[in-house]
Amino acid sequence: MNAASKAKRIAWMVIVGLLTGLLAACGGGNAEDGSSSASGQPASSGSGNDAGSGGDGLKGEFVLWTWEPEHPTALAAFNKKYPNIKMKRVNVAAEDVPKKLQTTIASGGELPDVIRIERGQKAKIFDMGILEDLSGAPYNADTSLLFDYDLPAFSVDGKLLSIPDDMSIAGLAYIKSLAKEYFGTDDPKELEGMFATWDDFIAKGKEVLEKSGGKVKMVPSLGDVNDILKGQRPESYFDGNKLNVPVLENIVSTLVKFRDSGIVDKLDQWTPAWNASFGTDKYMFIESPVWMPQYVIDPNDKKDGRWALMVPPGGGFVRGGSSHGIPKGAKHADLAWKWIEFTSMSQEGAEAQKTDGVFTHYKKAYENKDFTNWTWRNFGDQNIGEKYFVEISAATKDVPENINDTYLDEAMSIVLQTLSKDSSFGTEQAMDRIRKELKAKAPNITW
Amino acid sequence: MNAALRKTLATTAISILSLVSLLPFYIMIVMGTYKNEDLFTRIVLLPGNYLLQNLKTVSASRFDLVYMNSLIVSLSSTALSVFVSACAGFAFAKHDFRHKNKLFAFILLTMMIPGQLGIVAYVIEMRYLQLSGTLLPLILPWIANAFGVFWMTQFIRSAVPTEVLESAKMDGCSSVGVFFRIVIPFIYPAITTLSLLVFLWSWNNYLLPLIIVNKPELFTIPLGITSLGDAYRTDLAAQILGLTLGTLPVLVLFAIGSKSFVRGLTAGSVKG
């Protein structure tokens, strides 16, 4: 009896000991959140635009919120130039960045020194009003280093809120054998001449549909068409809370025209079927941002040299891409700025990032033919770098967006589903549906 | 004959249901053995040959550390939550004190309020207590587990005879002694059930770690899994392998405690 009681007591002591051990292990870090990044340097002193001036005695660690894996070559090059500046990555999924930011601000928590901002979340984050103006002191970003179309896209009220990192201009990729079979040529220049407008594209698409007996369509998803048309829109969808109805209506009616022509299939983007379609001969064209060959076409199409790239009817557009912004009150804004400046606004950074598979927006780098020279196995020996960074880039424009674009995107994704599957759903119904969705999501939007 | 037919039909139905339930698990395991891009081309039913590479991707993301963090958080949360809930349940079920009913009603009331509402205040509280840079903020909410208190109160009320407690007291046992020596053995099924539930909730918790954790070395499994990929290429195969690895402890715990878990859930369903 006594022995049993003793055993029980020992068992309880072990349990309490284990629990204490576990809890002790919980307190692994420093007590104050983020204090591990403290460097003893004065906060946000800023050091101006001197990317080329060496280490500058800057020392410490800055915190980056990102979902991207490290760009090893770029980081190594940065560390070589600034050996005393360390970067601490905190992984936050792209779609979670606004939520985490909001809570951190609401709770008075410590913000990171730099945030990676995905294009889809950009308007929401810009709308929070928490980012520094990088064109002003102490950063004084030299905006002439970036492309002209970058400034409206990354500015709000004349303030440059983030610096674009990866290039995301987009063209139109096509399967050469299909183009040759149905148009008699697979030469990008000849096709660009053939497709001066989207109406030409639709008319030719109908011919392909007829000749192939419905087996070959021009594009796999209406979502792809929407991405292109939206990217090419001549003006912003919103001026403050006022919706630019003619611009939207024009796009919706063009989408209906595409749908009714039968040249677009009903696949949903980013589904297994959509991905698998790149290895087939069912669809001739696909929108192709800079990241598309490497990350989407390549993994899904095992054969080499099947594709070519052209300037789309109506010119290039921007699809996706990310930028970096510095939150107001960031403790190590000066260190973070050095990193942005090096990776996105310098020749050394552009070259290092290219090795990591990232093309930056540092305009000057593209003046060098060797830099723009870029081929990819799916595109054979076509110099797609020159196509993207010289021809498409010259024909690309971008427009500012605000928080309302986020609501419109959500409404459009619902409308696109219906448009794609229900052939009786026309422009009027689509506009009505958008109006209802926007009213529910953002009642302050005016038409 | 009729009974045999019925048995065959029942067996067939159960087999089909089991297959439907288990197939997603099987596919999850199999998908973790394929290259990400191969997942999109067809439905995969047989194991692929990319397991080692996916394991490499997963381990490159310091998954061992992430795993350990999740184990620390979930085991501590479970132990503390069950202990406090059992203590509180014992008090509510077998003791009389002032404002007992009001207090119990208040605890029930807190169950009606979504946890998300208090999250900002909780983050502020943790910052004020200088606990933000630790794993403790992920553990502490489970200690004040209203559902656990409710669960234990109901179970102790119905499963622990008051006469036994009174006998123990008459034999000179203290309240603490009664709790550990008499009550605990009576409520093993409830302890197992609550342990499994709290472990599962804590293990799968995404929002709180997302909001509160700012150091990669404190990441738990749900956060760790989202980091497997990049802007344009979400490595679903590696993520699924991570999920498979992340599901293992839950499966093991359920396998160990399934009998008690079911007993705990069905306790009180028949008035004896």
# chains A, B, ... in the order shown; residues from 1 in each chain; ligands from 1
>>> residues_around(residues="Thr193 in chain B", least_positions_apart="4", cutoff="7 Å", atoms="only C-alpha atoms", output="number ranges by chain")
B: 189, 197, 260-261, 264
>>> write_last_selection(atoms="N, CA and C atoms", output="mmCIF file, in the first residue's frame")
data_model
loop_
_atom_site.group_PDB
_atom_site.id
_atom_site.type_symbol
_atom_site.label_atom_id
_atom_site.label_comp_id
_atom_site.auth_asym_id
_atom_site.auth_seq_id
_atom_site.Cartn_x
_atom_site.Cartn_y
_atom_site.Cartn_z
ATOM 1 N N PRO B 189 -12.457 8.167 -19.314
ATOM 2 C CA PRO B 189 -12.976 8.369 -20.681
ATOM 3 C C PRO B 189 -13.106 9.851 -21.037
ATOM 4 N N LEU B 197 -9.467 16.013 -28.171
ATOM 5 C CA LEU B 197 -10.063 17.201 -28.806
ATOM 6 C C LEU B 197 -9.144 18.410 -28.689
ATOM 7 N N SER B 260 -11.589 4.782 -25.260
ATOM 8 C CA SER B 260 -12.025 5.723 -24.226
ATOM 9 C C SER B 260 -12.716 6.918 -24.850
ATOM 10 N N PHE B 261 -12.235 7.309 -26.050
ATOM 11 C CA PHE B 261 -12.818 8.463 -26.739
ATOM 12 C C PHE B 261 -14.294 8.203 -27.027
ATOM 13 N N GLY B 264 -16.217 8.081 -23.890
ATOM 14 C CA GLY B 264 -16.411 9.437 -23.372
ATOM 15 C C GLY B 264 -17.529 10.158 -24.090
#
>>> residues_around(residues="range 113-125 of chain A", least_positions_apart="4", cutoff="7 Å", atoms="only C-alpha atoms", output="VMD selection string")
chain A and resid 62 to 66 94 to 95 98 320 to 327 330 to 333 336 401 to 403 406
>>> residues_around(residues="range 145-149 of chain B", least_positions_apart="2", cutoff="6 Å", atoms="only C-alpha atoms", output="short mmCIF file (atom, residue, chain, number, x, y, z; two decimals) with N, CA and C atoms, in the first residue's frame")
data_model
loop_
_atom_site.label_atom_id
_atom_site.label_comp_id
_atom_site.auth_asym_id
_atom_site.auth_seq_id
_atom_site.Cartn_x
_atom_site.Cartn_y
_atom_site.Cartn_z
N SER B 85 -9.61 21.93 -16.44
CA SER B 85 -11.02 21.63 -16.71
C SER B 85 -11.55 20.60 -15.72
N ALA B 88 -11.96 22.28 -12.32
CA ALA B 88 -13.14 23.16 -12.32
C ALA B 88 -14.42 22.33 -12.40
N GLY B 89 -14.38 21.30 -13.22
CA GLY B 89 -15.56 20.44 -13.37
C GLY B 89 -15.91 19.78 -12.05
N ILE B 107 -19.37 30.95 -17.59
CA ILE B 107 -18.43 30.12 -18.37
C ILE B 107 -19.11 29.64 -19.66
N TRP B 142 -5.81 27.67 -23.96
CA TRP B 142 -6.44 26.37 -23.73
C TRP B 142 -6.64 26.09 -22.25
N ILE B 143 -5.92 26.82 -21.38
CA ILE B 143 -6.09 26.58 -19.95
C ILE B 143 -7.47 27.02 -19.51
N TRP B 151 -17.68 20.22 -20.23
CA TRP B 151 -17.59 18.79 -20.51
C TRP B 151 -17.31 18.00 -19.23
N MET B 152 -16.33 18.45 -18.47
CA MET B 152 -15.94 17.75 -17.25
C MET B 152 -17.04 17.83 -16.19
N THR B 153 -17.66 19.00 -16.10
CA THR B 153 -18.74 19.16 -15.10
C THR B 153 -19.84 18.14 -15.38
#
>>> atom_distance(atom1="CA of Leu145 in chain A", atom2="CA of Gln353 in chain A")
16.1 Å
>>> select_by_dssp(residues="range 44-87 of chain B", states="alpha helix (DSSP H)", output="ChimeraX atom specification")
/B:51-60,63-87
>>> write_last_selection(atoms="N, CA and C atoms", output="short mmCIF file (atom, residue, chain, number, x, y, z; two decimals), in the first residue's frame")
data_model
loop_
_atom_site.label_atom_id
_atom_site.label_comp_id
_atom_site.auth_asym_id
_atom_site.auth_seq_id
_atom_site.Cartn_x
_atom_site.Cartn_y
_atom_site.Cartn_z
N LEU B 51 9.08 10.58 -53.25
CA LEU B 51 8.95 10.75 -51.79
C LEU B 51 10.20 11.38 -51.18
N LEU B 52 11.37 10.87 -51.59
CA LEU B 52 12.61 11.35 -50.98
C LEU B 52 12.84 12.83 -51.25
N GLN B 53 12.55 13.24 -52.50
CA GLN B 53 12.74 14.66 -52.84
C GLN B 53 11.76 15.53 -52.05
N ASN B 54 10.52 15.05 -51.92
CA ASN B 54 9.54 15.81 -51.14
C ASN B 54 9.96 15.88 -49.67
N LEU B 55 10.50 14.76 -49.18
CA LEU B 55 10.99 14.75 -47.80
C LEU B 55 12.12 15.77 -47.63
N LYS B 56 12.95 15.85 -48.67
CA LYS B 56 14.07 16.79 -48.65
C LYS B 56 13.53 18.23 -48.57
N THR B 57 12.50 18.51 -49.40
CA THR B 57 11.89 19.85 -49.39
C THR B 57 11.32 20.15 -48.01
N VAL B 58 10.63 19.15 -47.45
CA VAL B 58 10.00 19.36 -46.15
C VAL B 58 11.07 19.57 -45.07
N SER B 59 12.12 18.73 -45.10
CA SER B 59 13.12 18.85 -44.04
C SER B 59 13.95 20.12 -44.20
N ALA B 60 14.07 20.62 -45.46
CA ALA B 60 14.81 21.85 -45.68
C ALA B 60 14.13 23.05 -45.03
N PHE B 63 11.50 21.46 -40.67
CA PHE B 63 10.23 20.87 -40.23
C PHE B 63 10.38 20.20 -38.86
N ASP B 64 11.60 19.72 -38.55
CA ASP B 64 11.79 19.07 -37.25
C ASP B 64 11.54 20.06 -36.12
N LEU B 65 12.03 21.30 -36.32
CA LEU B 65 11.83 22.33 -35.30
C LEU B 65 10.35 22.69 -35.20
N VAL B 66 9.73 22.83 -36.38
CA VAL B 66 8.31 23.17 -36.44
C VAL B 66 7.49 22.07 -35.76
N TYR B 67 7.88 20.84 -36.01
CA TYR B 67 7.19 19.68 -35.43
C TYR B 67 7.33 19.70 -33.90
N MET B 68 8.54 19.98 -33.45
CA MET B 68 8.79 20.01 -32.02
C MET B 68 7.96 21.13 -31.37
N ASN B 69 7.91 22.29 -32.02
CA ASN B 69 7.10 23.39 -31.49
C ASN B 69 5.65 22.97 -31.35
N SER B 70 5.13 22.31 -32.40
CA SER B 70 3.74 21.88 -32.35
C SER B 70 3.52 20.88 -31.23
N LEU B 71 4.48 19.97 -31.06
CA LEU B 71 4.34 18.98 -29.98
C LEU B 71 4.34 19.65 -28.61
N ILE B 72 5.27 20.60 -28.43
CA ILE B 72 5.35 21.31 -27.14
C ILE B 72 4.03 22.03 -26.87
N VAL B 73 3.56 22.76 -27.89
CA VAL B 73 2.34 23.55 -27.72
C VAL B 73 1.14 22.63 -27.46
N SER B 74 0.99 21.60 -28.28
CA SER B 74 -0.22 20.79 -28.16
C SER B 74 -0.20 19.93 -26.90
N LEU B 75 0.96 19.35 -26.56
CA LEU B 75 1.01 18.52 -25.35
C LEU B 75 0.80 19.37 -24.10
N SER B 76 1.44 20.53 -24.06
CA SER B 76 1.27 21.40 -22.90
C SER B 76 -0.16 21.89 -22.81
N SER B 77 -0.72 22.30 -23.95
CA SER B 77 -2.11 22.79 -23.96
C SER B 77 -3.05 21.69 -23.46
N THR B 78 -2.82 20.48 -23.95
CA THR B 78 -3.70 19.37 -23.58
C THR B 78 -3.60 19.09 -22.09
N ALA B 79 -2.36 18.95 -21.60
CA ALA B 79 -2.18 18.61 -20.19
C ALA B 79 -2.81 19.68 -19.29
N LEU B 80 -2.50 20.94 -19.59
CA LEU B 80 -3.01 22.02 -18.74
C LEU B 80 -4.52 22.16 -18.87
N SER B 81 -5.01 22.08 -20.08
CA SER B 81 -6.44 22.25 -20.30
C SER B 81 -7.23 21.17 -19.58
N VAL B 82 -6.77 19.93 -19.71
CA VAL B 82 -7.51 18.82 -19.09
C VAL B 82 -7.44 18.94 -17.57
N PHE B 83 -6.27 19.28 -17.06
CA PHE B 83 -6.13 19.38 -15.60
C PHE B 83 -7.04 20.47 -15.03
N VAL B 84 -6.96 21.65 -15.62
CA VAL B 84 -7.77 22.77 -15.11
C VAL B 84 -9.26 22.49 -15.30
N SER B 85 -9.61 21.93 -16.44
CA SER B 85 -11.02 21.63 -16.71
C SER B 85 -11.55 20.60 -15.72
N ALA B 86 -10.72 19.59 -15.44
CA ALA B 86 -11.16 18.55 -14.50
C ALA B 86 -11.34 19.13 -13.11
N CYS B 87 -10.39 19.97 -12.68
CA CYS B 87 -10.49 20.60 -11.36
C CYS B 87 -11.77 21.44 -11.29
#
>>> residues_around(residues="Ile119 in chain B", least_positions_apart="5", cutoff="12 Å", atoms="only C-alpha atoms", output="ChimeraX atom specification")
/A:99-100,102-104,106-107 /B:113-114,124-126,137-138,141,207-212
>>> closest_residue(among="A:Asp186, A:Asp432, A:Glu210, A:Glu61", to="Asn84 in chain A", atoms="only C-alpha atoms")
A:Glu61
>>> residues_around(residues="range 249-253 of chain B", least_positions_apart="4", cutoff="10 Å", atoms="only C-alpha atoms", output="list in words")
Leu71, Thr192, Ser195, Leu196, Leu197, Phe199, Leu200, Trp203, Thr244, Leu245, Gly257 and Ser258 of chain B
>>> write_last_selection(atoms="N, CA and C atoms", output="CSV table (one decimal), in the first residue's frame")
chain,number,residue,atom,x,y,z
B,71,LEU,N,4.5,20.0,-31.1
B,71,LEU,CA,4.3,19.0,-30.0
B,71,LEU,C,4.3,19.7,-28.6
B,192,THR,N,-9.7,11.3,-21.7
B,192,THR,CA,-9.1,10.9,-23.0
B,192,THR,C,-9.8,11.7,-24.1
B,195,SER,N,-8.7,15.3,-24.0
B,195,SER,CA,-7.3,15.4,-24.4
B,195,SER,C,-7.2,15.3,-25.9
B,196,LEU,N,-7.9,14.4,-26.5
B,196,LEU,CA,-7.8,14.2,-28.0
B,196,LEU,C,-8.4,15.5,-28.7
B,197,LEU,N,-9.5,16.0,-28.2
B,197,LEU,CA,-10.1,17.2,-28.8
B,197,LEU,C,-9.1,18.4,-28.7
B,199,PHE,N,-5.9,18.5,-28.1
B,199,PHE,CA,-4.7,18.2,-28.9
B,199,PHE,C,-5.0,18.6,-30.3
B,200,LEU,N,-6.1,18.1,-30.8
B,200,LEU,CA,-6.4,18.3,-32.2
B,200,LEU,C,-6.6,19.8,-32.6
B,203,TRP,N,-3.3,21.5,-32.3
B,203,TRP,CA,-2.4,21.1,-33.4
B,203,TRP,C,-2.8,21.8,-34.7
B,244,THR,N,0.7,14.9,-44.1
B,244,THR,CA,0.7,13.5,-43.7
B,244,THR,C,1.5,13.4,-42.4
B,245,LEU,N,2.7,14.0,-42.4
B,245,LEU,CA,3.5,13.9,-41.2
B,245,LEU,C,2.8,14.6,-40.0
B,257,GLY,N,-6.3,6.1,-27.9
B,257,GLY,CA,-7.4,6.4,-27.0
B,257,GLY,C,-8.7,6.2,-27.6
B,258,SER,N,-8.8,5.6,-28.7
B,258,SER,CA,-10.2,5.5,-29.4
B,258,SER,C,-11.3,4.9,-28.6
>>> closest_atom_pairs(of="range 343-408 of chain A", to="range 308-315 of chain A", cutoff="9 Å", atoms="only C-alpha atoms", output="tab-separated table")
residue	atom	partner	partner_atom	distance
A:Asn378	CA	A:Ala308	CA	8.1
A:Phe379	CA	A:Ala308	CA	5.3
A:Gly380	CA	A:Ala308	CA	7.9
A:Gln382	CA	A:Ala308	CA	7.0
A:Ile384	CA	A:Leu309	CA	6.7
A:Lys387	CA	A:Met310	CA	7.2
A:Tyr388	CA	A:Val311	CA	8.4
A:Glu391	CA	A:Val311	CA	7.3
A:Ile392	CA	A:Val311	CA	5.7
A:Ser393	CA	A:Gly315	CA	8.8
A:Ala394	CA	A:Gly315	CA	8.6
A:Ala395	CA	A:Gly315	CA	5.0
A:Thr396	CA	A:Gly315	CA	6.0
A:Lys397	CA	A:Gly315	CA	8.3
>>> closest_residue(among="A:Asp127, A:Asp150, A:Glu70, A:Asp96", to="Lys363 in chain A", atoms="only C-alpha atoms")
A:Asp150
>>> atom_distance(atom1="CA of Ser18 in chain B", atom2="CA of Asp235 in chain B")
29.5 Å
>>> closest_residue(among="B:Leu129, B:Leu194, B:Ile182, B:Leu241", to="chain A", atoms="only C-alpha atoms")
B:Leu129
>>> closest_residue(among="B:Val183, B:Leu131, B:Ile240, B:Val178", to="chain A", atoms="only C-alpha atoms")
B:Leu131
>>> residues_around(residues="range 245-247 of chain A", least_positions_apart="5", cutoff="10 Å", atoms="only C-alpha atoms", output="number ranges by chain")
A: 230, 233-238, 252, 431, 446-447
